[in-house]
Structures are given as C-alpha cells and as structure tokens.
Amino acid sequence: MKISIIIPVRFSDKYPRNTGRIKLCLESLRAQTLKPELIEIVVSDFGSENQFIPLLQKNCQQFNAKFIHVPTKKIWNRSRALNIAIRNSRPESQYIFSSDIDVIFKDICLERILDNAKPNRIVTCETRDLSETLAPENLSVKIDFLKLKTIPRSLGWGTCCFPRNWIFKIRGYDEEFKGWGGEDDDLMKRARLDGMLTVRLYNLAFHQWHKSLFDAKEIIPFREANRKRLKEVNTLIRNEGREWDKFRNNEE
C-alpha cells in the first residue's frame with residue numbers, strides 16, 4: 001500500500017518559530033522502515049513570507065518532498081492548506097496521513113499505520129509533548145523517545161490517516177474553520193456520521209515544543225465561530241461548489 005503524508009505550513013516573522021523543526025519532521029519521515037517508494041510527502045505552504053521560501057524549498061528538495069506554495073495574506077486556514085495538499089497528492093496512494101510540521105515520528109510509525117489501515121477506518125496517533133529544553137538543535141530522529149520524559153497531549157486528531165477515496169468523497173477538511181482549532185474534531189465527527197471506525201496508536205509521534213500561537217491576536221476572533229460551527233454543523237459533505245478533481249494555482 002502507498003501513503004501520502006500531507007503537512008500544512010506557514011512561516012512568518014510576525015509569529016517566529018524555529019525553522020529547524022521542518023528538517024526533523026521530514027528527516028523522520030524519510031527514516032521510516034516502510035519502503036521509500038511507498039511514501040509521498042507533500043508540504044503545503046499557505047502564505048509563508050518570501051524570505052522563508054528558499055529554506056522550505058531546500059528542505060523539501062533534500063528529503064524528496066513535494067513543495068506547494070500559495071502566496072496569500074489571508075488569515076491562516078489549516079483546512080485549506082491541507083485540502084490543497086490532498087488534491088495535489090498522487091492518485092495511487094490509497095491512504096493520506098495528515099500531520100503538522102513540528103511532529104517527529106518513530107521509524108516504525110508509517111508501517112504501524114498501514115498495518116492498521118482499512119477502507120472503513122481512521123487511524124490516529126497520540127502525540128506526546130517533548131520538553132521545552134529539547135530545542136530542535138538538541139534533537140535527533142534516532143533518539144530513544146521512550147527514555148525521554150514526555151507528556152501526552154489532550155485528545156486530539158491532528159495526526160490521522162484516512163482513505164484517499166473517503167476524504168475526496170466528503171470534500172476534505174471544512175474550510176470555514178479559520179485559524180487553529182476545530183477542523184480536526186470536525187473531521188472525526190463526520191467520520192463517525194459516515195460509520196467510520198477509529199484506531200488510536202501510541203508512542204509513535206512526538207511534538208516539538210514551541211510557544212503556543214493559539215492566543216495570537218488575529219486568531220482570537222475566530223475561536224468562538226469555530227466552536228459554534230463544530231457544535232451546530234452536522235453534514236457530511238463540505239466545501240460544496242469548490243473544484244475537487246485537480247490542484248489549481250489560484251487556491252487562495
């Protein structure tokens with residue numbers, strides 16, 4: 001079975017984040033026990049500032065990852081960034097695995113995911129928080145994570161694998177969720193509505209520490225709207241009216 005990993009990103013001087021995180025994430029995905037030809041990596045950049053683009057391109061080239069850049073000044077929209085990657089992933093991948101750029105994976109992670117993957121199943125990974133003292137420059141993909149003191153995150157669905165044909169059927173993540181929060185919970189809600197089962201795996205994914213951006217000024221106004229939408233909208237299909245059969249350069 002083949003799998004496409006989709007990773008949404010945005011780098012900005014306004015909200016500084018250590019750019020070394022992307023190298024660790026991509027390196028861990030290329031250090032998997034799964035055969036390299038079975039793995040596709042798609043990095044979907046939605047609005048990074050121009051000075052960060054060469055670094056992102058360099059890292060993607062180093063680890064054979066497809067890089068898509070959509071220049072935009074619009075509010076961060078993780079759902080849209082993920083949907084762009086979904087539409088641009090290779091059709092022969094039976095499964096798609098969504099992640100964030102600040103996650104590091106154990107080398108058996110993708111193999112374990114595909115061992116558990118089925119057409120009627122969502123496979124998620126518990127993500128454990130690494131200590132603030134472990135900056136990217138002090139980390140290695142070969143580190144024994146089980147010997148580290150890590151903290152389980154609250155139940156979330158940010159790293160999850162789903163069948164490609166299913167995510168196309170429901171038209172991807174709901175792009176009405178702006179900023180951060182709600183889009184993953186909404187996806188799982190829709191999965192349950194559609195009769196999908198869920199399997200959760202442990203001790204395979206680790207989150208690199210960074211300052212939280214959840215309180216960023218531009219994000220706060222969207223929090224309540226996201227909560228309300230998550231609670232009140234119960235339809236399976238979203239983003240109706242948008243084209244889903246191909247990637248377009250005017251995705252903004």
# chains A, B, ... in the order shown; residues from 1 in each chain; ligands from 1

call {"tool": "select_by_dssp", "arguments": {"residues": "segment 64-133 of chain A", "states": "alpha helix (DSSP H)", "output": "ChimeraX atom specification"}}
result
/A:78-88,109-116

call {"tool": "residues_around", "arguments": {"residues": "Lys66 of chain A", "least_positions_apart": "6", "cutoff": "7 Å", "atoms": "only C-alpha atoms", "output": "number ranges by chain"}}
result
A: 41-43, 60

call {"tool": "closest_residue", "arguments": {"among": "A:Arg121, A:Arg10, A:Arg164, A:Arg80", "to": "Thr198 of chain A", "atoms": "only C-alpha atoms"}}
result
A:Arg121

call {"tool": "residues_around", "arguments": {"residues": "segment 179-188 of chain A", "least_positions_apart": "4", "cutoff": "10 Å", "atoms": "only C-alpha atoms", "output": "VMD selection string"}}
result
chain A and resid 75 to 79 98 122 155 to 160 167 170 172 to 175 192 to 194 196 to 198 213 to 216 218 to 223 225 to 231 233 to 234 236

call {"tool": "closest_residue", "arguments": {"among": "A:Ser28, A:Asn203, A:Ser12, A:Ser131", "to": "Gly47 of chain A", "atoms": "only C-alpha atoms"}}
result
A:Ser12

call {"tool": "select_by_dssp", "arguments": {"residues": "segment 3-233 of chain A", "states": "strand (DSSP E or B)", "output": "number ranges by chain"}}
result
A: 3-9, 12, 15, 39-46, 66-70, 77, 95-98, 103-105, 121-129, 151-152, 160-163, 179, 197-207

call {"tool": "decode", "arguments": {"residues": "segment 152-183 of chain A", "atoms": "N, CA, C and O atoms", "output": "PDB file, in the first residue's frame"}}
result
ATOM      1  N   PRO A 152       1.662  13.302  27.478  1.00  0.00           N
ATOM      2  CA  PRO A 152       0.609  13.095  26.470  1.00  0.00           C
ATOM      3  C   PRO A 152      -0.220  14.356  26.300  1.00  0.00           C
ATOM      4  O   PRO A 152      -0.556  15.032  27.277  1.00  0.00           O
ATOM      5  N   ARG A 153      -0.532  14.699  25.070  1.00  0.00           N
ATOM      6  CA  ARG A 153      -1.365  15.867  24.794  1.00  0.00           C
ATOM      7  C   ARG A 153      -2.821  15.502  25.045  1.00  0.00           C
ATOM      8  O   ARG A 153      -3.195  14.332  25.083  1.00  0.00           O
ATOM      9  N   SER A 154      -3.656  16.519  25.195  1.00  0.00           N
ATOM     10  CA  SER A 154      -5.084  16.268  25.301  1.00  0.00           C
ATOM     11  C   SER A 154      -5.557  15.586  24.021  1.00  0.00           C
ATOM     12  O   SER A 154      -4.958  15.753  22.955  1.00  0.00           O
ATOM     13  N   LEU A 155      -6.633  14.810  24.125  1.00  0.00           N
ATOM     14  CA  LEU A 155      -7.108  14.024  22.998  1.00  0.00           C
ATOM     15  C   LEU A 155      -7.318  14.923  21.779  1.00  0.00           C
ATOM     16  O   LEU A 155      -8.106  15.863  21.802  1.00  0.00           O
ATOM     17  N   GLY A 156      -6.589  14.643  20.724  1.00  0.00           N
ATOM     18  CA  GLY A 156      -6.700  15.436  19.504  1.00  0.00           C
ATOM     19  C   GLY A 156      -6.504  14.553  18.294  1.00  0.00           C
ATOM     20  O   GLY A 156      -6.072  13.406  18.405  1.00  0.00           O
ATOM     21  N   TRP A 157      -6.807  15.097  17.135  1.00  0.00           N
ATOM     22  CA  TRP A 157      -6.793  14.306  15.909  1.00  0.00           C
ATOM     23  C   TRP A 157      -5.911  14.935  14.843  1.00  0.00           C
ATOM     24  O   TRP A 157      -6.120  14.746  13.657  1.00  0.00           O
ATOM     25  N   GLY A 158      -4.884  15.688  15.275  1.00  0.00           N
ATOM     26  CA  GLY A 158      -4.042  16.408  14.318  1.00  0.00           C
ATOM     27  C   GLY A 158      -3.209  15.510  13.442  1.00  0.00           C
ATOM     28  O   GLY A 158      -2.851  15.874  12.331  1.00  0.00           O
ATOM     29  N   THR A 159      -2.842  14.330  13.941  1.00  0.00           N
ATOM     30  CA  THR A 159      -2.111  13.365  13.127  1.00  0.00           C
ATOM     31  C   THR A 159      -3.025  12.177  12.880  1.00  0.00           C
ATOM     32  O   THR A 159      -3.264  11.370  13.775  1.00  0.00           O
ATOM     33  N   CYS A 160      -3.577  12.080  11.690  1.00  0.00           N
ATOM     34  CA  CYS A 160      -4.510  10.991  11.408  1.00  0.00           C
ATOM     35  C   CYS A 160      -4.417  10.553   9.953  1.00  0.00           C
ATOM     36  O   CYS A 160      -4.087  11.335   9.063  1.00  0.00           O
ATOM     37  N   CYS A 161      -4.722   9.280   9.735  1.00  0.00           N
ATOM     38  CA  CYS A 161      -4.652   8.662   8.419  1.00  0.00           C
ATOM     39  C   CYS A 161      -6.054   8.255   7.982  1.00  0.00           C
ATOM     40  O   CYS A 161      -6.815   7.668   8.759  1.00  0.00           O
ATOM     41  N   PHE A 162      -6.398   8.574   6.742  1.00  0.00           N
ATOM     42  CA  PHE A 162      -7.730   8.238   6.236  1.00  0.00           C
ATOM     43  C   PHE A 162      -7.617   7.753   4.795  1.00  0.00           C
ATOM     44  O   PHE A 162      -6.661   8.068   4.082  1.00  0.00           O
ATOM     45  N   PRO A 163      -8.591   6.966   4.340  1.00  0.00           N
ATOM     46  CA  PRO A 163      -8.572   6.509   2.954  1.00  0.00           C
ATOM     47  C   PRO A 163      -8.714   7.684   1.993  1.00  0.00           C
ATOM     48  O   PRO A 163      -9.511   8.594   2.213  1.00  0.00           O
ATOM     49  N   ARG A 164      -7.954   7.655   0.931  1.00  0.00           N
ATOM     50  CA  ARG A 164      -7.990   8.739  -0.047  1.00  0.00           C
ATOM     51  C   ARG A 164      -9.382   8.905  -0.658  1.00  0.00           C
ATOM     52  O   ARG A 164      -9.881  10.022  -0.784  1.00  0.00           O
ATOM     53  N   ASN A 165     -10.000   7.790  -1.028  1.00  0.00           N
ATOM     54  CA  ASN A 165     -11.317   7.916  -1.672  1.00  0.00           C
ATOM     55  C   ASN A 165     -12.363   8.482  -0.722  1.00  0.00           C
ATOM     56  O   ASN A 165     -13.289   9.169  -1.139  1.00  0.00           O
ATOM     57  N   TRP A 166     -12.198   8.239   0.584  1.00  0.00           N
ATOM     58  CA  TRP A 166     -13.157   8.764   1.557  1.00  0.00           C
ATOM     59  C   TRP A 166     -13.009  10.276   1.705  1.00  0.00           C
ATOM     60  O   TRP A 166     -14.006  11.007   1.708  1.00  0.00           O
ATOM     61  N   ILE A 167     -11.770  10.781   1.807  1.00  0.00           N
ATOM     62  CA  ILE A 167     -11.584  12.221   2.005  1.00  0.00           C
ATOM     63  C   ILE A 167     -12.032  13.006   0.778  1.00  0.00           C
ATOM     64  O   ILE A 167     -12.542  14.127   0.880  1.00  0.00           O
ATOM     65  N   PHE A 168     -11.911  12.399  -0.411  1.00  0.00           N
ATOM     66  CA  PHE A 168     -12.437  13.051  -1.612  1.00  0.00           C
ATOM     67  C   PHE A 168     -13.965  13.025  -1.604  1.00  0.00           C
ATOM     68  O   PHE A 168     -14.604  13.985  -2.044  1.00  0.00           O
ATOM     69  N   LYS A 169     -14.544  11.942  -1.125  1.00  0.00           N
ATOM     70  CA  LYS A 169     -15.998  11.839  -1.081  1.00  0.00           C
ATOM     71  C   LYS A 169     -16.621  12.941  -0.219  1.00  0.00           C
ATOM     72  O   LYS A 169     -17.644  13.529  -0.595  1.00  0.00           O
ATOM     73  N   ILE A 170     -15.981  13.248   0.917  1.00  0.00           N
ATOM     74  CA  ILE A 170     -16.549  14.251   1.823  1.00  0.00           C
ATOM     75  C   ILE A 170     -16.007  15.652   1.544  1.00  0.00           C
ATOM     76  O   ILE A 170     -16.300  16.587   2.272  1.00  0.00           O
ATOM     77  N   ARG A 171     -15.198  15.786   0.498  1.00  0.00           N
ATOM     78  CA  ARG A 171     -14.616  17.067   0.067  1.00  0.00           C
ATOM     79  C   ARG A 171     -13.690  17.708   1.101  1.00  0.00           C
ATOM     80  O   ARG A 171     -13.677  18.916   1.304  1.00  0.00           O
ATOM     81  N   GLY A 172     -12.923  16.867   1.756  1.00  0.00           N
ATOM     82  CA  GLY A 172     -11.831  17.362   2.580  1.00  0.00           C
ATOM     83  C   GLY A 172     -12.236  18.018   3.889  1.00  0.00           C
ATOM     84  O   GLY A 172     -13.362  17.908   4.365  1.00  0.00           O
ATOM     85  N   TYR A 173     -11.261  18.719   4.452  1.00  0.00           N
ATOM     86  CA  TYR A 173     -11.471  19.461   5.691  1.00  0.00           C
ATOM     87  C   TYR A 173     -12.367  20.671   5.418  1.00  0.00           C
ATOM     88  O   TYR A 173     -12.313  21.270   4.346  1.00  0.00           O
ATOM     89  N   ASP A 174     -13.164  21.039   6.411  1.00  0.00           N
ATOM     90  CA  ASP A 174     -14.089  22.167   6.280  1.00  0.00           C
ATOM     91  C   ASP A 174     -13.317  23.483   6.337  1.00  0.00           C
ATOM     92  O   ASP A 174     -12.743  23.843   7.370  1.00  0.00           O
ATOM     93  N   GLU A 175     -13.325  24.229   5.236  1.00  0.00           N
ATOM     94  CA  GLU A 175     -12.545  25.460   5.150  1.00  0.00           C
ATOM     95  C   GLU A 175     -13.199  26.655   5.833  1.00  0.00           C
ATOM     96  O   GLU A 175     -12.632  27.750   5.839  1.00  0.00           O
ATOM     97  N   GLU A 176     -14.364  26.445   6.435  1.00  0.00           N
ATOM     98  CA  GLU A 176     -14.977  27.521   7.216  1.00  0.00           C
ATOM     99  C   GLU A 176     -14.325  27.661   8.589  1.00  0.00           C
ATOM    100  O   GLU A 176     -14.564  28.638   9.299  1.00  0.00           O
ATOM    101  N   PHE A 177     -13.500  26.696   8.982  1.00  0.00           N
ATOM    102  CA  PHE A 177     -12.733  26.805  10.228  1.00  0.00           C
ATOM    103  C   PHE A 177     -11.498  27.635   9.944  1.00  0.00           C
ATOM    104  O   PHE A 177     -10.652  27.252   9.133  1.00  0.00           O
ATOM    105  N   LYS A 178     -11.385  28.764  10.600  1.00  0.00           N
ATOM    106  CA  LYS A 178     -10.269  29.686  10.374  1.00  0.00           C
ATOM    107  C   LYS A 178      -9.283  29.627  11.545  1.00  0.00           C
ATOM    108  O   LYS A 178      -9.664  29.347  12.682  1.00  0.00           O
ATOM    109  N   GLY A 179      -8.028  29.925  11.251  1.00  0.00           N
ATOM    110  CA  GLY A 179      -7.017  29.926  12.308  1.00  0.00           C
ATOM    111  C   GLY A 179      -6.712  28.503  12.736  1.00  0.00           C
ATOM    112  O   GLY A 179      -6.494  27.622  11.915  1.00  0.00           O
ATOM    113  N   TRP A 180      -6.683  28.269  14.041  1.00  0.00           N
ATOM    114  CA  TRP A 180      -6.418  26.946  14.577  1.00  0.00           C
ATOM    115  C   TRP A 180      -7.623  26.463  15.371  1.00  0.00           C
ATOM    116  O   TRP A 180      -8.301  27.228  16.040  1.00  0.00           O
ATOM    117  N   GLY A 181      -7.848  25.182  15.336  1.00  0.00           N
ATOM    118  CA  GLY A 181      -8.817  24.565  16.233  1.00  0.00           C
ATOM    119  C   GLY A 181     -10.159  24.267  15.615  1.00  0.00           C
ATOM    120  O   GLY A 181     -10.767  25.137  14.986  1.00  0.00           O
ATOM    121  N   GLY A 182     -10.596  23.020  15.764  1.00  0.00           N
ATOM    122  CA  GLY A 182     -11.933  22.629  15.350  1.00  0.00           C
ATOM    123  C   GLY A 182     -11.972  21.789  14.098  1.00  0.00           C
ATOM    124  O   GLY A 182     -12.817  20.900  13.966  1.00  0.00           O
ATOM    125  N   GLU A 183     -11.049  22.036  13.161  1.00  0.00           N
ATOM    126  CA  GLU A 183     -11.128  21.328  11.870  1.00  0.00           C
ATOM    127  C   GLU A 183     -10.870  19.829  12.022  1.00  0.00           C
ATOM    128  O   GLU A 183     -11.498  19.012  11.341  1.00  0.00           O
TER     129      GLU A 183
END
